[in-house]
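J.: Next comes the structure file protein_35.txt, holding compact mmCIF, N, CA and C atoms and all ligand atoms.
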# COMPACT_ATOMS: atom_id res chain seq x y z
N MET A 1 25.95 64.37 10.94
CA MET A 1 25.81 63.18 10.12
C MET A 1 27.21 62.66 9.80
N THR A 2 27.36 61.38 9.95
CA THR A 2 28.67 60.78 9.66
C THR A 2 28.51 59.72 8.57
N ALA A 3 29.62 59.43 7.93
CA ALA A 3 29.61 58.41 6.89
C ALA A 3 29.43 57.03 7.52
N GLU A 4 28.76 56.17 6.81
CA GLU A 4 28.63 54.77 7.22
C GLU A 4 29.87 54.02 6.73
N PRO A 5 30.28 52.97 7.46
CA PRO A 5 31.49 52.25 7.07
C PRO A 5 31.44 51.67 5.66
N ASP A 6 30.25 51.31 5.20
CA ASP A 6 30.18 50.72 3.87
C ASP A 6 29.80 51.72 2.78
N ASP A 7 29.82 53.03 3.12
CA ASP A 7 29.61 54.04 2.08
C ASP A 7 30.76 53.99 1.09
N PRO A 8 30.47 54.25 -0.18
CA PRO A 8 31.59 54.37 -1.13
C PRO A 8 32.43 55.60 -0.79
N PRO A 9 33.68 55.64 -1.21
CA PRO A 9 34.49 56.83 -0.92
C PRO A 9 33.91 58.04 -1.64
N PRO A 10 34.18 59.24 -1.12
CA PRO A 10 33.68 60.45 -1.77
C PRO A 10 34.15 60.50 -3.23
N TYR A 11 33.27 60.92 -4.09
CA TYR A 11 33.61 60.97 -5.51
C TYR A 11 34.59 62.12 -5.80
N PHE A 12 34.40 63.24 -5.10
CA PHE A 12 35.31 64.38 -5.21
C PHE A 12 35.99 64.61 -3.87
N ARG A 13 37.24 65.02 -3.93
CA ARG A 13 37.93 65.41 -2.69
C ARG A 13 37.28 66.65 -2.09
N ALA A 14 36.93 67.57 -2.95
CA ALA A 14 36.27 68.80 -2.51
C ALA A 14 35.22 69.18 -3.55
N HIS A 15 34.03 69.46 -3.06
CA HIS A 15 32.94 69.88 -3.94
C HIS A 15 32.58 71.31 -3.56
N VAL A 16 32.76 72.19 -4.52
CA VAL A 16 32.62 73.63 -4.27
C VAL A 16 31.35 74.10 -4.97
N PHE A 17 30.51 74.77 -4.22
CA PHE A 17 29.28 75.32 -4.80
C PHE A 17 29.34 76.84 -4.71
N VAL A 18 29.19 77.46 -5.87
CA VAL A 18 29.19 78.92 -5.96
C VAL A 18 27.78 79.33 -6.33
N CYS A 19 27.14 80.09 -5.47
CA CYS A 19 25.78 80.52 -5.75
C CYS A 19 25.76 81.45 -6.95
N CYS A 20 24.96 81.10 -7.95
CA CYS A 20 24.81 81.94 -9.14
C CYS A 20 23.35 82.36 -9.32
N ASN A 21 22.63 82.35 -8.22
CA ASN A 21 21.23 82.76 -8.30
C ASN A 21 21.12 84.25 -8.56
N ARG A 22 20.18 84.60 -9.42
CA ARG A 22 19.88 86.01 -9.69
C ARG A 22 18.46 86.28 -9.27
N GLY A 23 18.30 87.09 -8.26
CA GLY A 23 16.97 87.44 -7.78
C GLY A 23 16.41 88.61 -8.56
N PRO A 24 15.16 88.93 -8.31
CA PRO A 24 14.56 90.07 -9.00
C PRO A 24 15.27 91.37 -8.62
N ASP A 25 15.34 92.30 -9.56
CA ASP A 25 15.95 93.61 -9.28
C ASP A 25 15.27 94.23 -8.06
N GLY A 26 16.07 94.76 -7.18
CA GLY A 26 15.54 95.46 -6.02
C GLY A 26 15.09 94.56 -4.89
N HIS A 27 15.31 93.26 -5.00
CA HIS A 27 14.90 92.35 -3.92
C HIS A 27 15.64 92.71 -2.64
N ARG A 28 14.93 92.66 -1.52
CA ARG A 28 15.51 93.13 -0.26
C ARG A 28 16.73 92.33 0.17
N ARG A 29 16.82 91.07 -0.25
CA ARG A 29 17.97 90.25 0.16
C ARG A 29 19.14 90.36 -0.81
N GLY A 30 18.89 90.93 -1.98
CA GLY A 30 19.93 90.94 -3.00
C GLY A 30 20.16 89.53 -3.51
N SER A 31 21.12 89.39 -4.40
CA SER A 31 21.43 88.04 -4.89
C SER A 31 22.89 87.99 -5.31
N CYS A 32 23.40 86.77 -5.30
CA CYS A 32 24.82 86.58 -5.59
C CYS A 32 25.16 86.95 -7.02
N ALA A 33 24.33 86.57 -7.98
CA ALA A 33 24.63 86.90 -9.37
C ALA A 33 24.64 88.41 -9.58
N ALA A 34 23.75 89.12 -8.90
CA ALA A 34 23.73 90.58 -9.02
C ALA A 34 25.02 91.18 -8.47
N ARG A 35 25.74 90.44 -7.62
CA ARG A 35 27.02 90.90 -7.06
C ARG A 35 28.21 90.28 -7.80
N GLY A 36 27.95 89.65 -8.92
CA GLY A 36 29.07 89.22 -9.76
C GLY A 36 29.51 87.77 -9.61
N SER A 37 28.66 86.92 -9.03
CA SER A 37 29.11 85.55 -8.73
C SER A 37 29.33 84.69 -9.97
N GLU A 38 28.62 84.97 -11.06
CA GLU A 38 28.79 84.12 -12.24
C GLU A 38 30.22 84.26 -12.79
N ARG A 39 30.72 85.47 -12.81
CA ARG A 39 32.09 85.70 -13.27
C ARG A 39 33.09 85.03 -12.32
N LEU A 40 32.81 85.11 -11.03
CA LEU A 40 33.70 84.51 -10.04
C LEU A 40 33.70 82.99 -10.15
N ARG A 41 32.55 82.42 -10.41
CA ARG A 41 32.48 80.97 -10.57
C ARG A 41 33.27 80.53 -11.80
N ASP A 42 33.11 81.24 -12.91
CA ASP A 42 33.86 80.91 -14.12
C ASP A 42 35.37 81.00 -13.85
N TYR A 43 35.76 82.07 -13.15
CA TYR A 43 37.17 82.26 -12.82
C TYR A 43 37.67 81.12 -11.93
N MET A 44 36.89 80.77 -10.92
CA MET A 44 37.31 79.72 -9.98
C MET A 44 37.47 78.38 -10.69
N LYS A 45 36.52 78.08 -11.54
CA LYS A 45 36.59 76.81 -12.27
C LYS A 45 37.84 76.76 -13.15
N ALA A 46 38.09 77.83 -13.88
CA ALA A 46 39.25 77.88 -14.77
C ALA A 46 40.56 77.81 -13.97
N ARG A 47 40.65 78.55 -12.88
CA ARG A 47 41.88 78.56 -12.08
C ARG A 47 42.13 77.22 -11.41
N ALA A 48 41.06 76.58 -10.94
CA ALA A 48 41.24 75.26 -10.31
C ALA A 48 41.84 74.29 -11.33
N LYS A 49 41.39 74.40 -12.56
CA LYS A 49 41.93 73.54 -13.61
C LYS A 49 43.39 73.90 -13.91
N GLU A 50 43.66 75.20 -14.05
CA GLU A 50 45.04 75.63 -14.32
C GLU A 50 45.99 75.21 -13.23
N LEU A 51 45.51 75.24 -11.99
CA LEU A 51 46.37 74.86 -10.85
C LEU A 51 46.52 73.35 -10.71
N GLY A 52 45.74 72.62 -11.48
CA GLY A 52 45.83 71.16 -11.42
C GLY A 52 45.32 70.57 -10.12
N LEU A 53 44.33 71.20 -9.54
CA LEU A 53 43.80 70.71 -8.26
C LEU A 53 43.00 69.43 -8.50
N GLU A 54 43.58 68.34 -8.08
CA GLU A 54 42.96 67.04 -8.29
C GLU A 54 41.73 66.87 -7.41
N GLY A 55 40.67 66.30 -7.98
CA GLY A 55 39.50 65.95 -7.18
C GLY A 55 38.67 67.12 -6.70
N VAL A 56 38.87 68.26 -7.32
CA VAL A 56 38.11 69.46 -6.94
C VAL A 56 37.10 69.75 -8.04
N ARG A 57 35.86 69.86 -7.65
CA ARG A 57 34.78 70.17 -8.60
C ARG A 57 34.13 71.48 -8.19
N VAL A 58 34.09 72.41 -9.14
CA VAL A 58 33.47 73.72 -8.89
C VAL A 58 32.16 73.77 -9.67
N ASN A 59 31.06 73.85 -8.94
CA ASN A 59 29.74 73.87 -9.56
C ASN A 59 29.01 75.18 -9.27
N MET A 60 28.18 75.58 -10.22
CA MET A 60 27.27 76.68 -9.92
C MET A 60 26.11 76.11 -9.11
N ALA A 61 25.60 76.92 -8.23
CA ALA A 61 24.48 76.50 -7.39
C ALA A 61 23.37 77.52 -7.49
N GLY A 62 22.18 77.06 -7.21
CA GLY A 62 21.07 77.98 -7.00
C GLY A 62 21.22 78.63 -5.64
N CYS A 63 20.19 79.34 -5.23
CA CYS A 63 20.26 80.10 -3.98
C CYS A 63 20.61 79.18 -2.81
N LEU A 64 21.61 79.58 -2.04
CA LEU A 64 22.06 78.83 -0.87
C LEU A 64 21.47 79.40 0.43
N ASP A 65 20.61 80.38 0.29
CA ASP A 65 19.85 80.97 1.40
C ASP A 65 20.72 81.74 2.40
N ARG A 66 21.82 82.27 1.93
CA ARG A 66 22.59 83.22 2.74
C ARG A 66 22.89 84.44 1.86
N CYS A 67 21.84 84.87 1.17
CA CYS A 67 21.96 85.89 0.12
C CYS A 67 22.62 87.17 0.62
N GLU A 68 22.29 87.57 1.84
CA GLU A 68 22.80 88.82 2.37
C GLU A 68 24.33 88.83 2.46
N PHE A 69 24.93 87.66 2.47
CA PHE A 69 26.37 87.55 2.66
C PHE A 69 27.09 87.18 1.37
N GLY A 70 26.38 87.28 0.26
CA GLY A 70 26.94 86.84 -1.00
C GLY A 70 27.87 87.85 -1.64
N PRO A 71 28.52 87.39 -2.68
CA PRO A 71 28.48 86.06 -3.27
C PRO A 71 28.95 84.97 -2.29
N THR A 72 28.15 83.92 -2.18
CA THR A 72 28.47 82.85 -1.25
C THR A 72 29.06 81.64 -1.99
N VAL A 73 29.99 81.01 -1.27
CA VAL A 73 30.65 79.78 -1.73
C VAL A 73 30.64 78.83 -0.55
N VAL A 74 30.31 77.57 -0.79
CA VAL A 74 30.40 76.58 0.27
C VAL A 74 31.15 75.37 -0.26
N ILE A 75 32.02 74.84 0.59
CA ILE A 75 32.88 73.73 0.19
C ILE A 75 32.59 72.52 1.08
N TYR A 76 32.29 71.41 0.42
CA TYR A 76 32.08 70.13 1.11
C TYR A 76 33.21 69.19 0.76
N PRO A 77 33.58 68.25 1.64
CA PRO A 77 32.76 67.78 2.76
C PRO A 77 32.85 68.62 4.03
N GLU A 78 33.69 69.66 4.07
CA GLU A 78 33.86 70.39 5.33
C GLU A 78 32.65 71.22 5.70
N GLY A 79 31.90 71.68 4.69
CA GLY A 79 30.78 72.57 4.97
C GLY A 79 31.23 73.95 5.42
N VAL A 80 32.35 74.40 4.85
CA VAL A 80 32.87 75.73 5.17
C VAL A 80 32.34 76.72 4.14
N TRP A 81 31.84 77.85 4.66
CA TRP A 81 31.23 78.88 3.82
C TRP A 81 32.16 80.08 3.70
N TYR A 82 32.11 80.67 2.50
CA TYR A 82 32.90 81.89 2.27
C TYR A 82 32.05 82.95 1.59
N ASN A 83 32.45 84.19 1.83
CA ASN A 83 31.96 85.32 1.05
C ASN A 83 33.13 85.73 0.15
N ALA A 84 32.94 85.61 -1.16
CA ALA A 84 34.00 85.95 -2.11
C ALA A 84 33.49 87.04 -3.02
N ARG A 85 34.17 88.20 -2.99
CA ARG A 85 33.71 89.34 -3.79
C ARG A 85 34.58 89.59 -5.01
N THR A 86 35.81 89.11 -4.95
CA THR A 86 36.77 89.45 -6.00
C THR A 86 37.53 88.20 -6.45
N THR A 87 38.22 88.33 -7.58
CA THR A 87 39.05 87.21 -8.03
C THR A 87 40.19 86.97 -7.04
N GLU A 88 40.64 88.01 -6.35
CA GLU A 88 41.68 87.81 -5.32
C GLU A 88 41.13 86.96 -4.18
N ASP A 89 39.87 87.16 -3.84
CA ASP A 89 39.25 86.32 -2.80
C ASP A 89 39.20 84.86 -3.28
N ILE A 90 38.83 84.66 -4.51
CA ILE A 90 38.81 83.30 -5.06
C ILE A 90 40.20 82.68 -5.03
N ASP A 91 41.21 83.47 -5.40
CA ASP A 91 42.59 82.96 -5.35
C ASP A 91 42.95 82.52 -3.93
N ASP A 92 42.53 83.29 -2.93
CA ASP A 92 42.84 82.94 -1.54
C ASP A 92 42.16 81.63 -1.16
N ILE A 93 40.92 81.44 -1.57
CA ILE A 93 40.18 80.20 -1.24
C ILE A 93 40.84 79.01 -1.94
N LEU A 94 41.19 79.20 -3.20
CA LEU A 94 41.85 78.11 -3.93
C LEU A 94 43.17 77.73 -3.26
N ASP A 95 43.94 78.72 -2.87
CA ASP A 95 45.25 78.43 -2.28
C ASP A 95 45.13 77.90 -0.86
N ALA A 96 44.42 78.62 -0.01
CA ALA A 96 44.38 78.26 1.41
C ALA A 96 43.58 76.98 1.66
N HIS A 97 42.42 76.92 1.07
CA HIS A 97 41.52 75.80 1.39
C HIS A 97 41.77 74.59 0.47
N LEU A 98 41.75 74.83 -0.82
CA LEU A 98 41.74 73.71 -1.76
C LEU A 98 43.13 73.20 -2.12
N ARG A 99 44.15 74.05 -2.01
CA ARG A 99 45.51 73.58 -2.30
C ARG A 99 46.23 73.14 -1.02
N ARG A 100 46.12 73.98 0.05
CA ARG A 100 46.88 73.70 1.26
C ARG A 100 46.06 73.00 2.35
N GLY A 101 44.74 72.91 2.16
CA GLY A 101 43.91 72.21 3.14
C GLY A 101 43.63 73.00 4.41
N GLY A 102 43.89 74.32 4.35
CA GLY A 102 43.59 75.18 5.50
C GLY A 102 42.31 75.95 5.27
N ARG A 103 42.30 77.19 5.71
CA ARG A 103 41.12 78.03 5.57
C ARG A 103 41.53 79.44 5.15
N ALA A 104 40.69 80.06 4.34
CA ALA A 104 40.86 81.48 4.01
C ALA A 104 40.04 82.25 5.05
N ARG A 105 40.62 82.39 6.24
CA ARG A 105 39.84 82.84 7.41
C ARG A 105 39.19 84.19 7.24
N ARG A 106 39.85 85.11 6.55
CA ARG A 106 39.28 86.46 6.45
C ARG A 106 37.97 86.47 5.65
N LEU A 107 37.72 85.40 4.90
CA LEU A 107 36.54 85.36 4.04
C LEU A 107 35.44 84.44 4.57
N MET A 108 35.71 83.74 5.66
CA MET A 108 34.76 82.73 6.13
C MET A 108 33.51 83.34 6.73
N LEU A 109 32.38 82.74 6.41
CA LEU A 109 31.14 83.03 7.13
C LEU A 109 31.13 82.14 8.37
N THR A 110 30.53 82.62 9.42
CA THR A 110 30.47 81.86 10.66
C THR A 110 29.02 81.68 11.08
N GLU A 111 28.85 81.04 12.23
CA GLU A 111 27.50 80.83 12.77
C GLU A 111 26.86 82.17 13.16
N ARG A 112 27.66 83.22 13.26
CA ARG A 112 27.10 84.55 13.58
C ARG A 112 26.52 85.23 12.34
N ASP A 113 26.86 84.73 11.18
CA ASP A 113 26.34 85.33 9.93
C ASP A 113 25.00 84.67 9.60
N VAL A 114 24.00 85.13 10.28
CA VAL A 114 22.67 84.55 10.10
C VAL A 114 21.79 85.52 9.34
N VAL A 115 20.85 84.96 8.64
CA VAL A 115 19.94 85.75 7.84
C VAL A 115 18.97 86.46 8.78
N PRO A 116 18.81 87.78 8.61
CA PRO A 116 17.86 88.51 9.45
C PRO A 116 16.44 87.98 9.26
N LYS A 117 15.66 88.00 10.32
CA LYS A 117 14.25 87.60 10.23
C LYS A 117 13.52 88.61 9.35
N ALA A 118 12.60 88.09 8.56
CA ALA A 118 11.83 88.97 7.66
C ALA A 118 10.92 89.91 8.45
S1 LIG A 201 21.24 84.43 -3.96
FE1 LIG A 201 23.11 83.50 -3.34
S2 LIG A 201 22.64 82.68 -1.40
FE2 LIG A 201 20.73 83.43 -2.12
Could you spell out this file's structure in structure tokens?
T.:
Amino acid sequence: MTAEPDDPPPYFRAHVFVCCNRGPDGHRRGSCAARGSERLRDYMKARAKELGLEGVRVNMAGCLDRCEFGPTVVIYPEGVWYNARTTEDIDDILDAHLRRGGRARRLMLTERDVVPKA
């Protein structure tokens, strides 16, 4: 999908979604909140502000349907997915992707990271 010429400009330079879904205890897929994503989202939001990253919005999201690979983070408009487990991982994403415009390659999910069939 591409933008139409008369679309308004993007409202945010980067829109970051951090899955904060909490599934039932013992669910076979697990959930991002059970792996600590709420704390990571709070940290990411605060650090993005401290770093003065213009046009970056960090939002909590419901289930992004890649639970097995969580905590999951996806950044638009690029549509790049990350698995972030620690605050150091969040720091890498903030620096590599959102500050320098590159990628935190060691944390990226790829097309090979697919959800197993039930
Ligand atoms: S619980 Fe986070 S992707 Fe499903």
J.: Just the residues within 12 Å of Met1 in chain A, please, counting only C-alpha atoms, with nothing from its chain fewer than 6 positions along; format it as a compact mmCIF listing (two decimals) with N, CA and C atoms, in the frame of the given file.
T.:
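The new file part-v3.txt reads:
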# COMPACT_ATOMS: atom_id res chain seq x y z
N PRO A 77 33.58 68.25 1.64
CA PRO A 77 32.76 67.78 2.76
C PRO A 77 32.85 68.62 4.03
N GLU A 78 33.69 69.66 4.07
CA GLU A 78 33.86 70.39 5.33
C GLU A 78 32.65 71.22 5.70
N GLY A 79 31.90 71.68 4.69
CA GLY A 79 30.78 72.57 4.97
C GLY A 79 31.23 73.95 5.42
J.: Can you pull out every residue with an atom within 5 Å of ligand LIG 201 (chain A)? Use only N, CA and C atoms and all ligand atoms and format it as a list in words.
T.: Cys19, Asn21, Ser31, Cys32, Cys63, Leu64, Asp65, Arg66 and Cys67 of chain A
J.: Which residue gives the smallest distance to Arg13 in chain A among A:Val73, A:Val58, A:Met44, A:Val115, with only C-alpha atoms counted?
T.: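 Between A:Val73, A:Val58, A:Met44, A:Val115, the residue approaching Arg13 in chain A most closely is A:Val58.
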J.: What residues in chain A get the DSSP label strand (DSSP E or B)? Please answer as a ChimeraX atom specification.
T.: /A:14-19,56-61,72-76,80-83,108
J.: Near Asp113 in chain A, within 8 Å and counting all atoms listed in the file, which residues show up once chain neighbours fewer than 3 positions away are dropped, as a list in words?
T.: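 Contacts, with the query itself left out: Arg66, Phe69, Leu109, Thr110 and Pro116 of chain A.
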J.: Rank nothing, just name the residue among A:Phe12, A:Phe17, A:Tyr43, A:Tyr82 nearest to Met108 in chain A, using all atoms listed in the file.
T.: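 Distance minimum relative to Met108 in chain A lands on A:Tyr82.
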